[in-house]
Protein chains: 2
Amino acid sequence: MSTLEQKTKAPKRPARSRADILQAALEEFAERGFDGATVRGIAARIDLTHGMIRYHYDNKEQLWFAAVEHLFERQFEFLKFSDAEELEFPRGTRARFAKFLRRYVYYCAKYPEHARILMQETVSPTPRMRKALKQQLREPHQTAVEEIRLLQENGVLKMDAPPASIMYMISGACQNLFALAPEVKVTLDYNALSRQAIEDHADLIVATFVPE
Amino acid sequence: MSTLEQKTKAPKRPARSRADILQAALEEFAERGFDGATVRGIAARIDLTHGMIRYHYDNKEQLWFAAVEHLFERQFEFLKFSDAEELEFPRGTRARFAKFLRRYVYYCAKYPEHARILMQETVSPTPRMRKALKQQLREPHQTAVEEIRLLQENGVLKMDAPPASIMYMISGACQNLFALAPEVKVTLDYNALSRQAIEDHADLIVATFVPE
DNA sequence: TCATATATTATCCAGATGGATAGTAATGTG
DNA sequence: CACATTACTATCCATCTGGATAATATATGA
């Protein structure tokens, strides 16, 4: 029951939507980490006072949790296979895996803050953060591992290695170029977020991990 | 000219070495980011007062710079090929690339804070940090790209993709499992830093990127 | 129009932080 | 032993931070 939704008697609409605040929070947390991020800094990104943020969210940790929840919902929507696609691309097939990988590369390029936030927040999480990550990540990760096992059985993935190892190798291969895009620009003068670069990387990923 | 080194007349040896302080700084910066890290927190990790840190380093940014410099020196030493190895493994050969990749995986597993720090600090660096990264990263990155070009010409790397794309794909594939080791433990109950897991990942990386 | 629920502003506060400084302890050299 | 040099402690301070609260604005429904 978000305080941003108006209920029975609900005058005066908010100037900034819930999504605006959470996106600003994601960017601030991604850039500065949980401790480095400030409520005032998040507010300033969308011309709010820090009091307004605290009006909608009890404290910084709850805001972080809401932002991460928003992040995963958005990712789920982005990567989800439609009913038609589910029929066309059955689980465990090469075609499905290739399609998923390509879509995942597009996701990483569109929301590079995802990788950055996870990298920062999973280093030494507080008990509450551990719990949050368990809730948000455990199930999708385990189904991903199942899918990898299936792909191994079907001979699509020929690697003989622990599924966890394969999974993090591939996700790292997809994410890294975009999560470090500013570094790539400075050191190699390569614009990783250009349309062409994204397409090239998707091609490379598919060619590397789903050969033939 | 570090104030930690004793010069002509130099009584009273320091209780903590320069390397101790920089390692503590690296861990704090890796865990909490530049803004989130505190000088007092770094000092506390090795039982120093924050005054002592400021005695050796003028300010937080200089300390960060020294820590990153230390990081890259350590990496260079770790990955460097000895003279004997340079003879045995000429540039642009498959054997050299395989050896390098395996060594890089070991490095990532031993110093996971490396990937974390770069991920945090290259997101929106201040002008001074941009300059620092240029100085430390530009040259090694460009020689790495040259090596990739050579490997492509020699047919060792068969991928037809921009070298920057290949480079960040491979480094991400190597780093990710270890940089996110705490996450892997929580979500998949897989100990990425165990000797066996490291060896498995090195095998997987070599098999994937240097096939045959 | 007026009550009411929500949105927003303007403060205040205690604690932490980076930075500064004055003074003290230890140790090698002359 | 004195003295210079380095290592270290103990403070102090302005600023920023998360959090709290009281007053105000705005739009809707009765």
# chains A, B, ... in the order shown; residues from 1 in each chain; ligands from 1
call {"tool": "residues_around", "arguments": {"residues": "DG15 (chain C)", "least_positions_apart": "4", "cutoff": "12 Å", "atoms": "only C-alpha atoms (C1' of nucleotides)", "output": "number ranges by chain"}}
result
D: 16-19
call {"tool": "residues_around", "arguments": {"residues": "DC3 (chain D)", "least_positions_apart": "5", "cutoff": "12 Å", "atoms": "only C-alpha atoms (C1' of nucleotides)", "output": "PyMOL selection string"}}
result
(chain B and resi 9) or (chain C and resi 27-30)
call {"tool": "write_last_selection", "arguments": {"atoms": "N, CA and C atoms (P, O5', C5', C4', C3', O3' and C1' of nucleotides)", "output": "CSV table (one decimal), in the first residue's frame"}}
result
chain,number,residue,atom,x,y,z
B,9,LYS,N,67.9,10.6,8.8
B,9,LYS,CA,67.7,10.4,10.3
B,9,LYS,C,66.3,10.0,10.5
C,27,DT,P,61.2,2.5,20.3
C,27,DT,O5',62.5,2.9,19.5
C,27,DT,C5',62.2,3.4,18.1
C,27,DT,C4',63.4,4.3,17.7
C,27,DT,C3',64.8,3.8,18.2
C,27,DT,O3',65.6,3.7,17.1
C,27,DT,C1',64.6,6.1,18.5
C,28,DG,P,66.6,2.4,16.8
C,28,DG,O5',67.7,3.0,16.0
C,28,DG,C5',67.5,3.6,14.7
C,28,DG,C4',68.1,4.9,14.5
C,28,DG,C3',69.6,4.9,14.6
C,28,DG,O3',70.2,5.6,13.5
C,28,DG,C1',68.8,6.6,16.0
C,29,DT,P,71.7,5.4,13.1
C,29,DT,O5',72.2,6.9,13.5
C,29,DT,C5',71.7,8.0,12.8
C,29,DT,C4',72.3,9.3,13.3
C,29,DT,C3',73.8,9.3,13.4
C,29,DT,O3',74.3,10.6,13.0
C,29,DT,C1',72.9,9.9,15.5
C,30,DG,P,75.8,10.6,12.6
C,30,DG,O5',76.3,11.8,13.5
C,30,DG,C5',75.7,13.1,13.5
C,30,DG,C4',76.0,13.8,14.8
C,30,DG,C3',77.5,13.9,15.1
C,30,DG,O3',77.9,15.3,15.4
C,30,DG,C1',76.4,13.0,17.0
call {"tool": "closest_atom_pairs", "arguments": {"of": "chain A", "to": "chain B", "cutoff": "7 Å", "atoms": "only C-alpha atoms", "output": "Markdown table"}}
result
| residue | atom | partner | partner_atom | distance |
| --- | --- | --- | --- | --- |
| A:Glu31 | CA | B:Val123 | CA | 5.9 |
| A:Arg32 | CA | B:Gly33 | CA | 6.3 |
| A:Gly33 | CA | B:Gly33 | CA | 5.9 |
| A:Asp35 | CA | B:Gly36 | CA | 4.4 |
| A:Gly36 | CA | B:Gly36 | CA | 3.9 |
| A:Arg116 | CA | B:Met119 | CA | 6.6 |
| A:Met119 | CA | B:Leu180 | CA | 6.4 |
| A:Gln120 | CA | B:Glu31 | CA | 6.9 |
| A:Thr122 | CA | B:Glu183 | CA | 5.6 |
| A:Val123 | CA | B:Glu31 | CA | 5.9 |
| A:Ser124 | CA | B:Glu31 | CA | 6.6 |
| A:Lys134 | CA | B:Thr187 | CA | 6.1 |
| A:Leu137 | CA | B:Thr187 | CA | 6.4 |
| A:Arg138 | CA | B:Thr187 | CA | 4.5 |
| A:His141 | CA | B:Thr187 | CA | 6.7 |
| A:Gln142 | CA | B:Leu188 | CA | 6.7 |
| A:Ala161 | CA | B:Leu204 | CA | 6.4 |
| A:Ser165 | CA | B:His201 | CA | 6.0 |
| A:Tyr168 | CA | B:Leu177 | CA | 5.2 |
| A:Met169 | CA | B:Ala173 | CA | 4.1 |
| A:Ile170 | CA | B:Ala173 | CA | 6.1 |
| A:Gly172 | CA | B:Gly172 | CA | 4.3 |
| A:Ala173 | CA | B:Met169 | CA | 4.1 |
| A:Cys174 | CA | B:Met169 | CA | 6.4 |
| A:Asn176 | CA | B:Gly172 | CA | 5.0 |
| A:Leu177 | CA | B:Tyr168 | CA | 5.2 |
| A:Leu180 | CA | B:Met119 | CA | 6.4 |
| A:Pro182 | CA | B:Thr122 | CA | 6.2 |
| A:Glu183 | CA | B:Thr122 | CA | 5.6 |
| A:Val186 | CA | B:Lys134 | CA | 6.6 |
| A:Thr187 | CA | B:Arg138 | CA | 4.5 |
| A:Leu188 | CA | B:Gln142 | CA | 6.7 |
| A:Asp200 | CA | B:Ala161 | CA | 6.4 |
| A:His201 | CA | B:Ser165 | CA | 6.0 |
| A:Leu204 | CA | B:Ala161 | CA | 6.4 |
call {"tool": "write_last_selection", "arguments": {"atoms": "N, CA and C atoms", "output": "mmCIF file, in the first residue's frame"}}
result
data_model
loop_
_atom_site.group_PDB
_atom_site.id
_atom_site.type_symbol
_atom_site.label_atom_id
_atom_site.label_comp_id
_atom_site.auth_asym_id
_atom_site.auth_seq_id
_atom_site.Cartn_x
_atom_site.Cartn_y
_atom_site.Cartn_z
ATOM 1 N N GLU A 31 25.787 4.783 -8.428
ATOM 2 C CA GLU A 31 26.977 5.618 -8.569
ATOM 3 C C GLU A 31 27.796 5.695 -7.288
ATOM 4 N N ARG A 32 27.106 5.695 -6.129
ATOM 5 C CA ARG A 32 27.814 5.999 -4.894
ATOM 6 C C ARG A 32 27.738 4.916 -3.840
ATOM 7 N N GLY A 33 27.028 3.801 -4.128
ATOM 8 C CA GLY A 33 26.893 2.758 -3.116
ATOM 9 C C GLY A 33 25.884 3.153 -2.055
ATOM 10 N N ASP A 35 26.126 3.399 1.291
ATOM 11 C CA ASP A 35 26.620 4.351 2.291
ATOM 12 C C ASP A 35 26.917 5.713 1.685
ATOM 13 N N GLY A 36 27.432 5.714 0.470
ATOM 14 C CA GLY A 36 27.783 6.979 -0.160
ATOM 15 C C GLY A 36 26.583 7.747 -0.684
ATOM 16 N N ARG A 116 25.946 -2.754 -11.596
ATOM 17 C CA ARG A 116 26.701 -1.945 -10.631
ATOM 18 C C ARG A 116 26.127 -2.068 -9.232
ATOM 19 N N MET A 119 26.860 -5.501 -7.742
ATOM 20 C CA MET A 119 28.273 -5.612 -7.396
ATOM 21 C C MET A 119 28.555 -4.909 -6.063
ATOM 22 N N GLN A 120 27.957 -3.741 -5.892
ATOM 23 C CA GLN A 120 28.212 -2.991 -4.662
ATOM 24 C C GLN A 120 27.540 -3.609 -3.450
ATOM 25 N N THR A 122 26.393 -6.703 -2.831
ATOM 26 C CA THR A 122 26.547 -8.092 -2.417
ATOM 27 C C THR A 122 27.918 -8.363 -1.839
ATOM 28 N N VAL A 123 28.682 -7.299 -1.612
ATOM 29 C CA VAL A 123 30.029 -7.491 -1.108
ATOM 30 C C VAL A 123 30.015 -7.892 0.363
ATOM 31 N N SER A 124 29.432 -7.064 1.182
ATOM 32 C CA SER A 124 29.306 -7.409 2.608
ATOM 33 C C SER A 124 27.954 -6.926 3.079
ATOM 34 N N LYS A 134 18.313 -12.732 -0.914
ATOM 35 C CA LYS A 134 17.778 -14.093 -0.927
ATOM 36 C C LYS A 134 16.393 -14.097 -1.550
ATOM 37 N N LEU A 137 16.699 -12.865 -5.443
ATOM 38 C CA LEU A 137 17.600 -13.508 -6.400
ATOM 39 C C LEU A 137 17.580 -15.024 -6.353
ATOM 40 N N ARG A 138 17.267 -15.567 -5.183
ATOM 41 C CA ARG A 138 17.444 -17.004 -5.008
ATOM 42 C C ARG A 138 16.649 -17.801 -6.033
ATOM 43 N N HIS A 141 17.700 -17.345 -9.773
ATOM 44 C CA HIS A 141 19.011 -17.939 -9.996
ATOM 45 C C HIS A 141 18.911 -19.460 -10.063
ATOM 46 N N GLN A 142 18.095 -20.023 -9.197
ATOM 47 C CA GLN A 142 18.024 -21.484 -9.191
ATOM 48 C C GLN A 142 17.314 -22.013 -10.427
ATOM 49 N N ALA A 161 31.223 -28.203 -16.710
ATOM 50 C CA ALA A 161 31.640 -27.360 -15.589
ATOM 51 C C ALA A 161 30.431 -27.148 -14.685
ATOM 52 N N SER A 165 29.273 -21.871 -12.221
ATOM 53 C CA SER A 165 30.435 -21.317 -12.902
ATOM 54 C C SER A 165 30.044 -20.844 -14.301
ATOM 55 N N TYR A 168 27.717 -17.585 -14.102
ATOM 56 C CA TYR A 168 28.372 -16.319 -13.797
ATOM 57 C C TYR A 168 29.386 -15.942 -14.874
ATOM 58 N N MET A 169 29.954 -16.928 -15.534
ATOM 59 C CA MET A 169 30.825 -16.609 -16.666
ATOM 60 C C MET A 169 30.033 -15.888 -17.751
ATOM 61 N N ILE A 170 28.881 -16.442 -18.083
ATOM 62 C CA ILE A 170 28.103 -15.868 -19.179
ATOM 63 C C ILE A 170 27.533 -14.501 -18.788
ATOM 64 N N GLY A 172 28.674 -12.396 -16.627
ATOM 65 C CA GLY A 172 29.773 -11.439 -16.614
ATOM 66 C C GLY A 172 30.176 -11.025 -18.018
ATOM 67 N N ALA A 173 30.206 -11.984 -18.916
ATOM 68 C CA ALA A 173 30.566 -11.689 -20.306
ATOM 69 C C ALA A 173 29.571 -10.722 -20.937
ATOM 70 N N CYS A 174 28.307 -10.860 -20.578
ATOM 71 C CA CYS A 174 27.272 -9.980 -21.145
ATOM 72 C C CYS A 174 27.324 -8.585 -20.539
ATOM 73 N N ASN A 176 29.721 -6.883 -18.546
ATOM 74 C CA ASN A 176 30.920 -6.122 -18.229
ATOM 75 C C ASN A 176 31.140 -4.911 -19.143
ATOM 76 N N LEU A 177 30.985 -5.104 -20.436
ATOM 77 C CA LEU A 177 31.235 -4.028 -21.391
ATOM 78 C C LEU A 177 30.362 -2.807 -21.106
ATOM 79 N N LEU A 180 30.894 -1.117 -17.421
ATOM 80 C CA LEU A 180 32.122 -0.323 -17.384
ATOM 81 C C LEU A 180 32.225 0.635 -18.566
ATOM 82 N N PRO A 182 31.822 3.777 -19.102
ATOM 83 C CA PRO A 182 32.642 4.988 -18.985
ATOM 84 C C PRO A 182 34.140 4.683 -19.037
ATOM 85 N N GLU A 183 34.534 3.589 -18.420
ATOM 86 C CA GLU A 183 35.948 3.197 -18.458
ATOM 87 C C GLU A 183 36.380 2.871 -19.889
ATOM 88 N N VAL A 186 36.998 6.012 -21.827
ATOM 89 C CA VAL A 186 38.219 6.726 -21.465
ATOM 90 C C VAL A 186 39.463 5.989 -21.948
ATOM 91 N N THR A 187 39.514 4.675 -21.733
ATOM 92 C CA THR A 187 40.757 3.959 -22.006
ATOM 93 C C THR A 187 40.881 3.531 -23.464
ATOM 94 N N LEU A 188 39.779 3.190 -24.112
ATOM 95 C CA LEU A 188 39.871 2.688 -25.485
ATOM 96 C C LEU A 188 39.141 3.573 -26.485
ATOM 97 N N ASP A 200 26.975 -5.557 -31.981
ATOM 98 C CA ASP A 200 28.194 -6.351 -32.126
ATOM 99 C C ASP A 200 28.403 -7.262 -30.914
ATOM 100 N N HIS A 201 28.143 -6.707 -29.730
ATOM 101 C CA HIS A 201 28.368 -7.509 -28.532
ATOM 102 C C HIS A 201 27.364 -8.653 -28.452
ATOM 103 N N LEU A 204 28.519 -11.296 -30.735
ATOM 104 C CA LEU A 204 29.688 -11.980 -30.167
ATOM 105 C C LEU A 204 29.281 -12.978 -29.084
#
call {"tool": "closest_residue", "arguments": {"among": "B:Leu26, B:Leu48, B:Ile21, B:Ala144", "to": "chain D", "atoms": "only C-alpha atoms (C1' of nucleotides)"}}
result
B:Leu48
call {"tool": "closest_residue", "arguments": {"among": "D:DA25, D:DT15, D:DA10, D:DT5", "to": "DA16 (chain C)", "atoms": "only C-alpha atoms (C1' of nucleotides)"}}
result
D:DT15
call {"tool": "interface_residues", "arguments": {"of": "chain D", "to": "chain A", "cutoff": "6 Å", "atoms": "only C-alpha atoms (C1' of nucleotides)", "output": "ChimeraX atom specification"}}
result
/D:26-28
call {"tool": "write_last_selection", "arguments": {"atoms": "C-alpha atoms (C1' of nucleotides)", "output": "PDB file, in the first residue's frame"}}
result
ATOM      1  C1'  DT D  26      -3.696  21.925  -2.676  1.00  0.00           C
ATOM      2  C1'  DA D  27      -7.301  19.417  -4.520  1.00  0.00           C
ATOM      3  C1'  DT D  28     -11.479  16.637  -3.865  1.00  0.00           C
TER       4       DT D  28
END
call {"tool": "closest_atom_pairs", "arguments": {"of": "chain C", "to": "chain A", "cutoff": "7 Å", "atoms": "only C-alpha atoms (C1' of nucleotides)", "output": "JSON lines"}}
result
{"residue": "C:DA5", "atom": "C1'", "partner": "A:Ala10", "partner_atom": "CA", "distance": 5.8}
{"residue": "C:DT6", "atom": "C1'", "partner": "A:Pro11", "partner_atom": "CA", "distance": 5.8}
{"residue": "C:DA7", "atom": "C1'", "partner": "A:Pro14", "partner_atom": "CA", "distance": 6.2}
call {"tool": "write_last_selection", "arguments": {"atoms": "N, CA and C atoms (P, O5', C5', C4', C3', O3' and C1' of nucleotides)", "output": "short mmCIF file (atom, residue, chain, number, x, y, z; two decimals), in the first residue's frame"}}
result
data_model
loop_
_atom_site.label_atom_id
_atom_site.label_comp_id
_atom_site.auth_asym_id
_atom_site.auth_seq_id
_atom_site.Cartn_x
_atom_site.Cartn_y
_atom_site.Cartn_z
P DA C 5 -9.69 12.40 6.87
"O5'" DA C 5 -8.72 11.74 5.78
"C5'" DA C 5 -9.22 11.48 4.48
"C4'" DA C 5 -8.17 11.86 3.45
"C3'" DA C 5 -6.75 11.37 3.79
"O3'" DA C 5 -6.23 10.69 2.67
"C1'" DA C 5 -6.74 13.68 3.24
P DT C 6 -4.93 9.82 2.82
"O5'" DT C 6 -3.87 10.57 1.90
"C5'" DT C 6 -4.19 10.86 0.56
"C4'" DT C 6 -3.43 12.08 0.12
"C3'" DT C 6 -1.90 11.96 0.13
"O3'" DT C 6 -1.45 11.93 -1.20
"C1'" DT C 6 -2.64 14.09 0.88
P DA C 7 0.11 11.77 -1.53
"O5'" DA C 7 0.60 13.28 -1.65
"C5'" DA C 7 0.06 14.11 -2.67
"C4'" DA C 7 0.73 15.47 -2.65
"C3'" DA C 7 2.25 15.45 -2.71
"O3'" DA C 7 2.66 16.43 -3.64
"C1'" DA C 7 1.55 16.67 -0.80
#
call {"tool": "atom_distance", "arguments": {"atom1": "CA of Lys99 (chain A)", "atom2": "CA of Val206 (chain A)"}}
result
8.6 Å
call {"tool": "residues_around", "arguments": {"residues": "Leu22 (chain A)", "least_positions_apart": "5", "cutoff": "9 Å", "atoms": "only C-alpha atoms (C1' of nucleotides)", "output": "ChimeraX atom specification"}}
result
/A:17,27,63-64,66-68,70-71
call {"tool": "write_last_selection", "arguments": {"atoms": "C-alpha atoms", "output": "mmCIF file, in the first residue's frame"}}
result
data_model
loop_
_atom_site.group_PDB
_atom_site.id
_atom_site.type_symbol
_atom_site.label_atom_id
_atom_site.label_comp_id
_atom_site.auth_asym_id
_atom_site.auth_seq_id
_atom_site.Cartn_x
_atom_site.Cartn_y
_atom_site.Cartn_z
ATOM 1 C CA SER A 17 5.806 9.513 -9.559
ATOM 2 C CA GLU A 27 21.123 5.864 -10.159
ATOM 3 C CA LEU A 63 14.023 3.133 -0.101
ATOM 4 C CA TRP A 64 16.912 0.934 -1.180
ATOM 5 C CA ALA A 66 11.948 -0.594 -2.887
ATOM 6 C CA ALA A 67 14.418 0.490 -5.561
ATOM 7 C CA VAL A 68 15.931 -2.994 -5.828
ATOM 8 C CA HIS A 70 11.631 -2.119 -8.809
ATOM 9 C CA LEU A 71 14.857 -3.103 -10.547
#
call {"tool": "select_by_dssp", "arguments": {"residues": "region 67-186 of chain A", "states": "helix (DSSP H, G or I)", "output": "ChimeraX atom specification"}}
result
/A:67-79,83-88,94-110,113-121,127-153,163-179,181-186
call {"tool": "residues_around", "arguments": {"residues": "DT21 (chain D)", "least_positions_apart": "5", "cutoff": "12 Å", "atoms": "only C-alpha atoms (C1' of nucleotides)", "output": "mmCIF file with N, CA and C atoms (P, O5', C5', C4', C3', O3' and C1' of nucleotides), in the first residue's frame"}}
result
data_model
loop_
_atom_site.group_PDB
_atom_site.id
_atom_site.type_symbol
_atom_site.label_atom_id
_atom_site.label_comp_id
_atom_site.auth_asym_id
_atom_site.auth_seq_id
_atom_site.Cartn_x
_atom_site.Cartn_y
_atom_site.Cartn_z
ATOM 1 N N GLY A 51 13.071 15.858 2.522
ATOM 2 C CA GLY A 51 11.887 15.587 3.324
ATOM 3 C C GLY A 51 10.823 14.830 2.542
ATOM 4 N N TYR A 55 9.073 11.329 3.294
ATOM 5 C CA TYR A 55 7.617 11.275 3.428
ATOM 6 C C TYR A 55 7.079 9.999 2.767
ATOM 7 P P DT C 9 8.214 21.325 -2.168
ATOM 8 O "O5'" DT C 9 8.325 22.239 -0.880
ATOM 9 C "C5'" DT C 9 7.425 23.319 -0.713
ATOM 10 C "C4'" DT C 9 7.648 23.970 0.628
ATOM 11 C "C3'" DT C 9 9.110 24.282 0.958
ATOM 12 O "O3'" DT C 9 9.215 25.661 1.268
ATOM 13 C "C1'" DT C 9 8.074 23.123 2.767
ATOM 14 P P DA C 10 10.628 26.337 1.424
ATOM 15 O "O5'" DA C 10 10.755 26.403 2.998
ATOM 16 C "C5'" DA C 10 9.593 26.576 3.801
ATOM 17 C "C4'" DA C 10 9.958 26.497 5.279
ATOM 18 C "C3'" DA C 10 11.424 26.809 5.587
ATOM 19 O "O3'" DA C 10 11.497 27.572 6.783
ATOM 20 C "C1'" DA C 10 10.905 24.642 6.356
ATOM 21 P P DT C 11 12.785 28.476 7.035
ATOM 22 O "O5'" DT C 11 13.271 28.019 8.494
ATOM 23 C "C5'" DT C 11 13.889 26.772 8.615
ATOM 24 C "C4'" DT C 11 13.313 26.011 9.795
ATOM 25 C "C3'" DT C 11 14.386 25.636 10.801
ATOM 26 O "O3'" DT C 11 14.111 26.261 12.042
ATOM 27 C "C1'" DT C 11 13.098 23.716 10.116
ATOM 28 P P DC C 12 15.375 26.498 13.021
ATOM 29 O "O5'" DC C 12 15.514 25.101 13.783
ATOM 30 C "C5'" DC C 12 14.412 24.578 14.521
ATOM 31 C "C4'" DC C 12 14.711 23.143 14.918
ATOM 32 C "C3'" DC C 12 16.109 22.952 15.529
ATOM 33 O "O3'" DC C 12 15.979 22.507 16.873
ATOM 34 C "C1'" DC C 12 15.612 21.291 13.859
ATOM 35 P P DC C 13 17.245 22.492 17.811
ATOM 36 O "O5'" DC C 13 17.735 20.987 17.693
ATOM 37 C "C5'" DC C 13 16.820 19.919 17.913
ATOM 38 C "C4'" DC C 13 17.510 18.607 17.660
ATOM 39 C "C3'" DC C 13 18.974 18.589 18.128
ATOM 40 O "O3'" DC C 13 19.186 17.478 18.954
ATOM 41 C "C1'" DC C 13 18.789 17.800 15.890
#
